[in-house]
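Visitor: My file is upload.tsv. It has TSV, N, CA and C atoms:
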chain	number	residue	atom	x	y	z
P	13	MET	N	8.27	-6.23	30.35
P	13	MET	CA	7.49	-7.01	29.40
P	13	MET	C	7.13	-6.14	28.21
P	14	SER	N	7.56	-6.52	27.01
P	14	SER	CA	7.24	-5.72	25.83
P	14	SER	C	6.08	-6.34	25.09
P	15	PHE	N	5.32	-5.50	24.48
P	15	PHE	CA	4.17	-5.97	23.72
P	15	PHE	C	4.61	-6.16	22.28
P	16	THR	N	4.47	-7.36	21.78
P	16	THR	CA	4.88	-7.64	20.41
P	16	THR	C	3.69	-8.11	19.60
P	17	GLN	N	3.91	-9.04	18.71
P	17	GLN	CA	2.92	-9.40	17.72
P	17	GLN	C	1.58	-9.92	18.27
P	18	ASN	N	1.51	-10.42	19.46
P	18	ASN	CA	0.26	-10.99	19.97
P	18	ASN	C	-0.62	-9.98	20.68
P	19	ASN	N	-0.24	-8.74	20.71
P	19	ASN	CA	-1.01	-7.70	21.37
P	19	ASN	C	-2.30	-7.44	20.61
P	20	GLU	N	-3.39	-7.23	21.33
P	20	GLU	CA	-4.69	-6.96	20.71
P	20	GLU	C	-4.68	-5.67	19.89
P	21	LEU	N	-3.92	-4.67	20.33
P	21	LEU	CA	-3.85	-3.42	19.57
P	21	LEU	C	-3.18	-3.63	18.22
P	22	THR	N	-2.14	-4.46	18.18
P	22	THR	CA	-1.49	-4.72	16.89
P	22	THR	C	-2.41	-5.51	15.97
P	23	LYS	N	-3.22	-6.38	16.56
P	23	LYS	CA	-4.17	-7.14	15.73
P	23	LYS	C	-5.18	-6.21	15.07
P	24	LEU	N	-5.67	-5.21	15.81
P	24	LEU	CA	-6.61	-4.25	15.24
P	24	LEU	C	-5.97	-3.45	14.12
P	25	GLY	N	-4.75	-2.98	14.35
P	25	GLY	CA	-4.05	-2.22	13.33
P	25	GLY	C	-3.75	-3.05	12.10
P	26	LYS	N	-3.32	-4.28	12.31
P	26	LYS	CA	-3.03	-5.17	11.18
P	26	LYS	C	-4.30	-5.49	10.40
P	27	ARG	N	-5.39	-5.69	11.10
P	27	ARG	CA	-6.66	-6.00	10.43
P	27	ARG	C	-7.11	-4.82	9.56
P	28	PHE	N	-7.01	-3.61	10.10
P	28	PHE	CA	-7.41	-2.44	9.33
P	28	PHE	C	-6.47	-2.22	8.15
P	29	ALA	N	-5.17	-2.42	8.35
P	29	ALA	CA	-4.21	-2.28	7.24
P	29	ALA	C	-4.49	-3.33	6.17
P	30	PHE	N	-4.84	-4.54	6.58
P	30	PHE	CA	-5.18	-5.59	5.62
P	30	PHE	C	-6.41	-5.19	4.79
P	31	LYS	N	-7.42	-4.62	5.45
P	31	LYS	CA	-8.61	-4.18	4.73
P	31	LYS	C	-8.27	-3.07	3.74
P	32	GLN	N	-7.39	-2.17	4.14
P	32	GLN	CA	-6.99	-1.10	3.23
P	32	GLN	C	-6.23	-1.65	2.03
P	33	ILE	N	-5.35	-2.60	2.26
P	33	ILE	CA	-4.59	-3.19	1.16
P	33	ILE	C	-5.50	-3.96	0.22
P	34	VAL	N	-6.48	-4.66	0.76
P	34	VAL	CA	-7.46	-5.35	-0.09
P	34	VAL	C	-8.24	-4.33	-0.92
P	35	ALA	N	-8.61	-3.21	-0.32
P	35	ALA	CA	-9.31	-2.16	-1.06
P	35	ALA	C	-8.43	-1.59	-2.16
P	36	MET	N	-7.14	-1.41	-1.89
P	36	MET	CA	-6.21	-0.92	-2.90
P	36	MET	C	-6.11	-1.90	-4.07
P	37	ILE	N	-5.92	-3.16	-3.76
P	37	ILE	CA	-5.79	-4.18	-4.80
P	37	ILE	C	-7.06	-4.27	-5.63
P	38	THR	N	-8.20	-4.24	-4.96
P	38	THR	CA	-9.48	-4.30	-5.66
P	38	THR	C	-9.66	-3.10	-6.59
P	39	SER	N	-9.33	-1.92	-6.11
P	39	SER	CA	-9.51	-0.73	-6.96
P	39	SER	C	-8.56	-0.75	-8.16
P	40	VAL	N	-7.34	-1.22	-7.98
P	40	VAL	CA	-6.40	-1.30	-9.10
P	40	VAL	C	-6.87	-2.34	-10.11
P	41	LEU	N	-7.32	-3.49	-9.63
P	41	LEU	CA	-7.81	-4.52	-10.56
P	41	LEU	C	-9.05	-4.05	-11.32
P	42	LEU	N	-9.93	-3.35	-10.63
P	42	LEU	CA	-11.12	-2.81	-11.28
P	42	LEU	C	-10.74	-1.76	-12.32
P	43	LEU	N	-9.83	-0.86	-11.97
P	43	LEU	CA	-9.37	0.16	-12.91
P	43	LEU	C	-8.65	-0.48	-14.10
P	44	ALA	N	-7.86	-1.50	-13.87
P	44	ALA	CA	-7.18	-2.20	-14.96
P	44	ALA	C	-8.18	-2.90	-15.87
P	45	PHE	N	-9.19	-3.50	-15.28
P	45	PHE	CA	-10.24	-4.18	-16.04
P	45	PHE	C	-10.98	-3.19	-16.95
P	46	VAL	N	-11.36	-2.06	-16.39
P	46	VAL	CA	-12.07	-1.03	-17.16
P	46	VAL	C	-11.17	-0.46	-18.24
P	47	SER	N	-9.94	-0.16	-17.90
P	47	SER	CA	-9.04	0.43	-18.89
P	47	SER	C	-8.70	-0.57	-19.99
P	48	TYR	N	-8.68	-1.85	-19.68
P	48	TYR	CA	-8.44	-2.86	-20.71
P	48	TYR	C	-9.55	-2.84	-21.76
P	49	PHE	N	-10.79	-2.73	-21.33
P	49	PHE	CA	-11.89	-2.75	-22.27
P	49	PHE	C	-12.07	-1.44	-23.03
P	50	TYR	N	-11.65	-0.32	-22.42
P	50	TYR	CA	-11.78	0.96	-23.11
P	50	TYR	C	-10.57	1.30	-23.98
P	51	TRP	N	-9.36	1.02	-23.48
P	51	TRP	CA	-8.16	1.48	-24.18
P	51	TRP	C	-7.19	0.36	-24.56
P	52	GLY	N	-7.35	-0.84	-24.04
P	52	GLY	CA	-6.49	-1.94	-24.46
P	52	GLY	C	-5.51	-2.41	-23.40
P	53	ILE	N	-4.74	-3.39	-23.81
P	53	ILE	CA	-3.85	-4.09	-22.89
P	53	ILE	C	-2.71	-3.20	-22.37
P	54	GLU	N	-2.21	-2.30	-23.19
P	54	GLU	CA	-1.10	-1.44	-22.75
P	54	GLU	C	-1.52	-0.51	-21.61
P	55	HIS	N	-2.72	0.01	-21.70
P	55	HIS	CA	-3.23	0.84	-20.60
P	55	HIS	C	-3.41	0.00	-19.33
P	56	ALA	N	-3.96	-1.18	-19.50
P	56	ALA	CA	-4.19	-2.05	-18.34
P	56	ALA	C	-2.87	-2.43	-17.67
P	57	LYS	N	-1.85	-2.73	-18.46
P	57	LYS	CA	-0.54	-3.06	-17.88
P	57	LYS	C	0.04	-1.87	-17.12
P	58	SER	N	-0.13	-0.69	-17.67
P	58	SER	CA	0.37	0.51	-17.00
P	58	SER	C	-0.37	0.78	-15.69
P	59	VAL	N	-1.68	0.54	-15.70
P	59	VAL	CA	-2.47	0.69	-14.47
P	59	VAL	C	-1.99	-0.31	-13.42
P	60	LEU	N	-1.78	-1.55	-13.82
P	60	LEU	CA	-1.30	-2.57	-12.88
P	60	LEU	C	0.08	-2.22	-12.34
P	61	ALA	N	0.96	-1.73	-13.21
P	61	ALA	CA	2.30	-1.35	-12.76
P	61	ALA	C	2.24	-0.19	-11.77
P	62	GLY	N	1.43	0.82	-12.06
P	62	GLY	CA	1.29	1.95	-11.15
P	62	GLY	C	0.74	1.54	-9.79
P	63	GLY	N	-0.20	0.61	-9.82
P	63	GLY	CA	-0.74	0.11	-8.56
P	63	GLY	C	0.28	-0.71	-7.78
P	64	ALA	N	1.03	-1.53	-8.49
P	64	ALA	CA	2.04	-2.37	-7.82
P	64	ALA	C	3.14	-1.53	-7.19
P	65	VAL	N	3.51	-0.43	-7.84
P	65	VAL	CA	4.55	0.44	-7.31
P	65	VAL	C	4.12	1.03	-5.96
P	66	THR	N	2.86	1.16	-5.73
P	66	THR	CA	2.36	1.69	-4.46
P	66	THR	C	1.96	0.61	-3.48
P	67	ILE	N	1.32	-0.44	-3.96
P	67	ILE	CA	0.78	-1.47	-3.06
P	67	ILE	C	1.89	-2.27	-2.39
P	68	ILE	N	2.90	-2.65	-3.15
P	68	ILE	CA	3.99	-3.47	-2.58
P	68	ILE	C	4.67	-2.76	-1.41
P	69	PRO	N	5.08	-1.49	-1.54
P	69	PRO	CA	5.67	-0.81	-0.37
P	69	PRO	C	4.68	-0.66	0.79
P	70	ASN	N	3.39	-0.48	0.50
P	70	ASN	CA	2.40	-0.37	1.57
P	70	ASN	C	2.28	-1.67	2.35
P	71	ILE	N	2.40	-2.80	1.67
P	71	ILE	CA	2.36	-4.08	2.37
P	71	ILE	C	3.53	-4.20	3.33
P	72	PHE	N	4.73	-3.86	2.85
P	72	PHE	CA	5.91	-3.92	3.73
P	72	PHE	C	5.80	-2.94	4.88
P	73	PHE	N	5.25	-1.76	4.62
P	73	PHE	CA	5.05	-0.79	5.70
P	73	PHE	C	4.11	-1.34	6.76
P	74	ALA	N	3.00	-1.93	6.33
P	74	ALA	CA	2.02	-2.47	7.29
P	74	ALA	C	2.64	-3.57	8.14
P	75	LEU	N	3.43	-4.41	7.52
P	75	LEU	CA	4.08	-5.49	8.27
P	75	LEU	C	5.07	-4.93	9.29
P	76	LYS	N	5.79	-3.89	8.92
P	76	LYS	CA	6.79	-3.30	9.81
P	76	LYS	C	6.16	-2.41	10.87
P	77	ALA	N	5.16	-1.62	10.49
P	77	ALA	CA	4.62	-0.59	11.39
P	77	ALA	C	3.79	-1.16	12.53
P	78	PHE	N	3.12	-2.27	12.31
P	78	PHE	CA	2.21	-2.78	13.33
P	78	PHE	C	2.80	-3.96	14.10
P	79	ARG	N	4.08	-3.89	14.36
P	79	ARG	CA	4.73	-4.93	15.16
P	79	ARG	C	4.53	-4.70	16.65
P	80	TYR	N	4.45	-3.44	17.06
P	80	TYR	CA	4.37	-3.11	18.49
P	80	TYR	C	3.17	-2.20	18.74
P	81	ALA	N	2.67	-2.25	19.97
P	81	ALA	CA	1.59	-1.36	20.39
P	81	ALA	C	1.60	-1.25	21.90
P	82	GLY	N	0.95	-0.22	22.39
P	82	GLY	CA	0.83	-0.05	23.84
P	82	GLY	C	1.75	1.02	24.38
P	83	ALA	N	1.43	1.50	25.56
P	83	ALA	CA	2.18	2.58	26.18
P	83	ALA	C	3.59	2.15	26.56
P	84	ARG	N	3.76	0.91	26.94
P	84	ARG	CA	5.08	0.43	27.34
P	84	ARG	C	6.03	0.33	26.15
P	85	SER	N	5.49	0.21	24.98
P	85	SER	CA	6.30	0.06	23.78
P	85	SER	C	6.28	1.30	22.90
P	86	SER	N	6.04	2.47	23.49
P	86	SER	CA	5.86	3.67	22.68
P	86	SER	C	7.09	3.99	21.83
P	87	GLU	N	8.29	3.78	22.38
P	87	GLU	CA	9.49	4.04	21.59
P	87	GLU	C	9.61	3.04	20.44
P	88	LYS	N	9.28	1.79	20.70
P	88	LYS	CA	9.33	0.78	19.65
P	88	LYS	C	8.27	1.04	18.58
P	89	VAL	N	7.12	1.54	19.00
P	89	VAL	CA	6.06	1.88	18.04
P	89	VAL	C	6.54	2.97	17.10
P	90	MET	N	7.10	4.03	17.66
P	90	MET	CA	7.59	5.13	16.83
P	90	MET	C	8.74	4.68	15.94
P	91	GLU	N	9.65	3.89	16.48
P	91	GLU	CA	10.78	3.40	15.71
P	91	GLU	C	10.31	2.52	14.55
P	92	SER	N	9.34	1.65	14.81
P	92	SER	CA	8.86	0.77	13.74
P	92	SER	C	8.10	1.56	12.68
P	93	PHE	N	7.36	2.59	13.06
P	93	PHE	CA	6.67	3.42	12.07
P	93	PHE	C	7.68	4.20	11.22
P	94	TYR	N	8.67	4.81	11.87
P	94	TYR	CA	9.66	5.58	11.11
P	94	TYR	C	10.48	4.68	10.19
P	95	SER	N	10.93	3.55	10.68
P	95	SER	CA	11.71	2.66	9.83
P	95	SER	C	10.84	2.08	8.72
P	96	GLY	N	9.58	1.80	9.01
P	96	GLY	CA	8.66	1.32	7.99
P	96	GLY	C	8.42	2.36	6.92
P	97	GLU	N	8.29	3.61	7.32
P	97	GLU	CA	8.08	4.68	6.34
P	97	GLU	C	9.32	4.91	5.48
P	98	LYS	N	10.50	4.85	6.11
P	98	LYS	CA	11.73	4.97	5.33
P	98	LYS	C	11.84	3.84	4.31
P	99	MET	N	11.55	2.63	4.76
P	99	MET	CA	11.61	1.48	3.87
P	99	MET	C	10.59	1.63	2.73
P	100	LYS	N	9.43	2.14	3.04
P	100	LYS	CA	8.38	2.34	2.03
P	100	LYS	C	8.82	3.34	0.97
P	101	ILE	N	9.43	4.44	1.38
P	101	ILE	CA	9.89	5.46	0.44
P	101	ILE	C	10.99	4.91	-0.46
P	102	VAL	N	11.96	4.22	0.13
P	102	VAL	CA	13.06	3.66	-0.65
P	102	VAL	C	12.54	2.60	-1.62
P	103	LEU	N	11.67	1.74	-1.15
P	103	LEU	CA	11.11	0.68	-2.01
P	103	LEU	C	10.27	1.28	-3.14
P	104	THR	N	9.53	2.34	-2.86
P	104	THR	CA	8.76	3.02	-3.91
P	104	THR	C	9.69	3.59	-4.96
P	105	ALA	N	10.77	4.22	-4.54
P	105	ALA	CA	11.73	4.79	-5.49
P	105	ALA	C	12.36	3.69	-6.35
P	106	ILE	N	12.72	2.58	-5.74
P	106	ILE	CA	13.31	1.46	-6.47
P	106	ILE	C	12.31	0.90	-7.48
P	107	LEU	N	11.08	0.72	-7.06
P	107	LEU	CA	10.07	0.18	-7.97
P	107	LEU	C	9.75	1.15	-9.11
P	108	PHE	N	9.76	2.46	-8.83
P	108	PHE	CA	9.61	3.44	-9.90
P	108	PHE	C	10.73	3.28	-10.93
P	109	ALA	N	11.95	3.22	-10.44
P	109	ALA	CA	13.10	3.09	-11.34
P	109	ALA	C	13.01	1.81	-12.16
P	110	LEU	N	12.66	0.71	-11.52
P	110	LEU	CA	12.54	-0.56	-12.25
P	110	LEU	C	11.41	-0.52	-13.27
P	111	ALA	N	10.29	0.11	-12.91
P	111	ALA	CA	9.16	0.18	-13.83
P	111	ALA	C	9.51	1.00	-15.06
P	112	PHE	N	10.17	2.14	-14.86
P	112	PHE	CA	10.52	2.98	-16.00
P	112	PHE	C	11.65	2.39	-16.84
P	113	LYS	N	12.51	1.61	-16.21
P	113	LYS	CA	13.63	1.04	-16.96
P	113	LYS	C	13.23	-0.21	-17.73
P	114	TYR	N	12.43	-1.09	-17.13
P	114	TYR	CA	12.18	-2.41	-17.72
P	114	TYR	C	10.79	-2.62	-18.30
P	115	LEU	N	9.85	-1.75	-18.01
P	115	LEU	CA	8.49	-1.92	-18.51
P	115	LEU	C	8.17	-0.83	-19.54
P	116	ALA	N	7.42	-1.21	-20.53
P	116	ALA	CA	6.92	-0.23	-21.50
P	116	ALA	C	5.58	0.28	-20.98
P	117	ILE	N	5.63	1.36	-20.21
P	117	ILE	CA	4.42	1.87	-19.57
P	117	ILE	C	3.99	3.17	-20.22
P	118	LEU	N	2.70	3.41	-20.12
P	118	LEU	CA	2.13	4.68	-20.56
P	118	LEU	C	2.00	5.57	-19.32
P	119	PRO	N	2.51	6.79	-19.37
P	119	PRO	CA	2.57	7.62	-18.17
P	119	PRO	C	1.21	7.97	-17.55
P	120	VAL	N	0.22	8.30	-18.37
P	120	VAL	CA	-1.06	8.75	-17.80
P	120	VAL	C	-1.75	7.64	-17.00
P	121	PRO	N	-1.95	6.45	-17.55
P	121	PRO	CA	-2.58	5.41	-16.73
P	121	PRO	C	-1.71	4.97	-15.55
P	122	PHE	N	-0.40	4.98	-15.74
P	122	PHE	CA	0.51	4.60	-14.65
P	122	PHE	C	0.35	5.55	-13.46
P	123	PHE	N	0.44	6.86	-13.73
P	123	PHE	CA	0.35	7.83	-12.64
P	123	PHE	C	-1.07	7.99	-12.10
P	124	THR	N	-2.06	7.74	-12.93
P	124	THR	CA	-3.45	7.76	-12.44
P	124	THR	C	-3.64	6.66	-11.40
P	125	SER	N	-3.18	5.48	-11.72
P	125	SER	CA	-3.29	4.36	-10.79
P	125	SER	C	-2.46	4.61	-9.55
P	126	PHE	N	-1.26	5.11	-9.73
P	126	PHE	CA	-0.38	5.41	-8.60
P	126	PHE	C	-1.04	6.41	-7.65
P	127	CYS	N	-1.56	7.50	-8.21
P	127	CYS	CA	-2.20	8.53	-7.38
P	127	CYS	C	-3.46	8.01	-6.69
P	128	LEU	N	-4.23	7.18	-7.38
P	128	LEU	CA	-5.42	6.59	-6.78
P	128	LEU	C	-5.05	5.76	-5.56
P	129	VAL	N	-4.03	4.94	-5.69
P	129	VAL	CA	-3.64	4.07	-4.58
P	129	VAL	C	-3.01	4.88	-3.45
P	130	VAL	N	-2.28	5.93	-3.77
P	130	VAL	CA	-1.71	6.79	-2.73
P	130	VAL	C	-2.82	7.46	-1.92
P	131	ALA	N	-3.92	7.82	-2.59
P	131	ALA	CA	-5.04	8.49	-1.91
P	131	ALA	C	-5.93	7.52	-1.13
P	132	MET	N	-5.85	6.25	-1.42
P	132	MET	CA	-6.74	5.27	-0.79
P	132	MET	C	-6.70	5.29	0.74
P	133	PRO	N	-5.53	5.34	1.39
P	133	PRO	CA	-5.54	5.37	2.86
P	133	PRO	C	-6.25	6.59	3.45
P	134	LEU	N	-6.37	7.66	2.67
P	134	LEU	CA	-7.11	8.83	3.14
P	134	LEU	C	-8.61	8.63	3.01
P	135	LEU	N	-9.03	7.83	2.04
P	135	LEU	CA	-10.45	7.65	1.76
P	135	LEU	C	-11.07	6.42	2.44
P	136	THR	N	-10.30	5.37	2.59
P	136	THR	CA	-10.87	4.12	3.11
P	136	THR	C	-11.43	4.21	4.53
P	137	PRO	N	-10.89	5.04	5.42
P	137	PRO	CA	-11.50	5.10	6.76
P	137	PRO	C	-12.97	5.53	6.75
P	138	PHE	N	-13.39	6.22	5.69
P	138	PHE	CA	-14.80	6.63	5.59
P	138	PHE	C	-15.71	5.46	5.18
P	139	PHE	N	-15.11	4.44	4.56
P	139	PHE	CA	-15.90	3.33	4.03
P	139	PHE	C	-15.68	2.01	4.76
P	140	ILE	N	-14.56	1.89	5.47
P	140	ILE	CA	-14.25	0.64	6.17
P	140	ILE	C	-14.34	0.89	7.66
P	141	LYS	N	-15.09	0.05	8.33
P	141	LYS	CA	-15.21	0.16	9.79
P	141	LYS	C	-14.05	-0.57	10.44
P	142	HIS	N	-13.62	-0.04	11.60
P	142	HIS	CA	-12.54	-0.69	12.34
P	142	HIS	C	-13.09	-1.97	12.85
Please express the file's structure as structure tokens.

Guide:
Amino acid sequence: MSFTQNNELTKLGKRFAFKQIVAMITSVLLLAFVSYFYWGIEHAKSVLAGGAVTIIPNIFFALKAFRYAGARSSEKVMESFYSGEKMKIVLTAILFALAFKYLAILPVPFFTSFCLVVAMPLLTPFFIKH
């Protein structure tokens, strides 16, 4: 018997990942809002693009990584985390390439937003309860 999507452990992981993603989206929107009023629309667009380049792969990672849980599914847990991380890295690279090719972005706000969202999973456990 394998533990799949209805396992209580996966529900806890998915719930925490959802809270982290909501925190990421909220912080990017807040940063874009502030940058719009201080520096204008071009800065705000760059902030949104930098956030999207990180948030979209994180959503796919969360969906892939928390499919399995439990001791009986330990190999599937590791496989889903590794494949989710690989997919996240490739998707991030693709989104970077698309952003630089098709969007007129400003590097400083873009990378500021990107770095903020990358750091969010390290900071949110201090502020979000399981």

Visitor: Quick one: residues within 8 Å of Ser95 in chain P, only N, CA and C atoms counted, chain neighbours fewer than 5 positions away excluded, as a PyMOL selection string?

Guide: chain P and resi 73+76-77+89-90+100-101

Visitor: Pick the closest to Met99 in chain P from P:Phe72, P:Trp51, P:Phe123, P:Phe78: which is it, counting all atoms listed in the file?

Guide: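 Closest to Met99 in chain P, using all atoms listed in the file: P:Phe72.
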
Visitor: Please determine, counting only N, CA and C atoms, which residue among P:Leu135, P:Ile140, P:Ala56, P:Ala105 has the shortest atom-to-atom distance to Pro121 in chain P.

Guide: P:Ala56

Visitor: Quick one, how far is atom N of Phe49 in chain P from atom C of Thr124 in chain P?

Guide: 15.4 Å

Visitor: If you run DSSP over the backbone, which residues in chain P end up helix (DSSP H, G or I)? Put them as a PyMOL selection string.

Guide: chain P and resi 20-51+53-77+83-114+119-139

Visitor: Would you mind reading off the distance between atom C of Leu75 in chain P and CA of Gly96 in chain P, one decimal, in Å?

Guide: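 Here the two named atoms are 7.3 Å from each other.
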
Visitor: Extract, using only C-alpha atoms, all DNA, RNA and protein residues at most 12 Å from Ala131 in chain P, discarding same-chain residues fewer than 3 positions from it, and format them as an mmCIF file with N, CA and C atoms, in the frame of the given file.

Guide:
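Resulting contents of part.cif:
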data_model
loop_
_atom_site.group_PDB
_atom_site.id
_atom_site.type_symbol
_atom_site.label_atom_id
_atom_site.label_comp_id
_atom_site.auth_asym_id
_atom_site.auth_seq_id
_atom_site.Cartn_x
_atom_site.Cartn_y
_atom_site.Cartn_z
ATOM 1 N N GLN P 32 -7.390 -2.170 4.140
ATOM 2 C CA GLN P 32 -6.990 -1.100 3.230
ATOM 3 C C GLN P 32 -6.230 -1.650 2.030
ATOM 4 N N ALA P 35 -8.610 -3.210 -0.320
ATOM 5 C CA ALA P 35 -9.310 -2.160 -1.060
ATOM 6 C C ALA P 35 -8.430 -1.590 -2.160
ATOM 7 N N MET P 36 -7.140 -1.410 -1.890
ATOM 8 C CA MET P 36 -6.210 -0.920 -2.900
ATOM 9 C C MET P 36 -6.110 -1.900 -4.070
ATOM 10 N N SER P 39 -9.330 -1.920 -6.110
ATOM 11 C CA SER P 39 -9.510 -0.730 -6.960
ATOM 12 C C SER P 39 -8.560 -0.750 -8.160
ATOM 13 N N GLY P 63 -0.200 0.610 -9.820
ATOM 14 C CA GLY P 63 -0.740 0.110 -8.560
ATOM 15 C C GLY P 63 0.280 -0.710 -7.780
ATOM 16 N N THR P 66 2.860 1.160 -5.730
ATOM 17 C CA THR P 66 2.360 1.690 -4.460
ATOM 18 C C THR P 66 1.960 0.610 -3.480
ATOM 19 N N ILE P 67 1.320 -0.440 -3.960
ATOM 20 C CA ILE P 67 0.780 -1.470 -3.060
ATOM 21 C C ILE P 67 1.890 -2.270 -2.390
ATOM 22 N N THR P 124 -2.060 7.740 -12.930
ATOM 23 C CA THR P 124 -3.450 7.760 -12.440
ATOM 24 C C THR P 124 -3.640 6.660 -11.400
ATOM 25 N N SER P 125 -3.180 5.480 -11.720
ATOM 26 C CA SER P 125 -3.290 4.360 -10.790
ATOM 27 C C SER P 125 -2.460 4.610 -9.550
ATOM 28 N N PHE P 126 -1.260 5.110 -9.730
ATOM 29 C CA PHE P 126 -0.380 5.410 -8.600
ATOM 30 C C PHE P 126 -1.040 6.410 -7.650
ATOM 31 N N CYS P 127 -1.560 7.500 -8.210
ATOM 32 C CA CYS P 127 -2.200 8.530 -7.380
ATOM 33 C C CYS P 127 -3.460 8.010 -6.690
ATOM 34 N N LEU P 128 -4.230 7.180 -7.380
ATOM 35 C CA LEU P 128 -5.420 6.590 -6.780
ATOM 36 C C LEU P 128 -5.050 5.760 -5.560
ATOM 37 N N LEU P 134 -6.370 7.660 2.670
ATOM 38 C CA LEU P 134 -7.110 8.830 3.140
ATOM 39 C C LEU P 134 -8.610 8.630 3.010
ATOM 40 N N LEU P 135 -9.030 7.830 2.040
ATOM 41 C CA LEU P 135 -10.450 7.650 1.760
ATOM 42 C C LEU P 135 -11.070 6.420 2.440
ATOM 43 N N THR P 136 -10.300 5.370 2.590
ATOM 44 C CA THR P 136 -10.870 4.120 3.110
ATOM 45 C C THR P 136 -11.430 4.210 4.530
ATOM 46 N N PRO P 137 -10.890 5.040 5.420
ATOM 47 C CA PRO P 137 -11.500 5.100 6.760
ATOM 48 C C PRO P 137 -12.970 5.530 6.750
#

Visitor: In Å to one decimal, how far is atom N of Val65 in chain P from CA of Thr104 in chain P?

Guide: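 Between these atoms lies a distance of 7.4 Å.
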
Visitor: For Val59 in chain P, which of P:Lys26, P:Ala74, P:Val130, P:Val40 is the closest residue, counting all atoms listed in the file?

Guide: P:Val40

Visitor: Neighbouring residues of range 107-117 of chain P were defined as those with any atom within 9 Å, considering only C-alpha atoms; residues of the same chain fewer than 5 positions away were excluded. Please report them as a list in words.

Guide: Glu54, His55, Lys57, Ser58, Val59, Ala61, Gly62, Ala64, Val65, Thr66, Ile68, Pro69, Val102 and Phe122 of chain P

Visitor: Just checking: using only C-alpha atoms, which residue out of P:Phe139, P:Ile53, P:Lys98, P:Ile71 ends up closest to Ile33 in chain P?

Guide: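 So, comparing all the options, the nearest one is P:Ile71.
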
Visitor: Which is closest to Ser47 in chain P among P:Leu60, P:Glu97, P:Ser92, P:Val34, if we use only C-alpha atoms?

Guide: P:Leu60

Visitor: Counting only C-alpha atoms, which of P:Arg79, P:Val129, P:Ile106, P:Lys141 gets nearest to Leu43 in chain P?

Guide: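 Ranked by minimum distance to Leu43 in chain P, first place goes to P:Val129.
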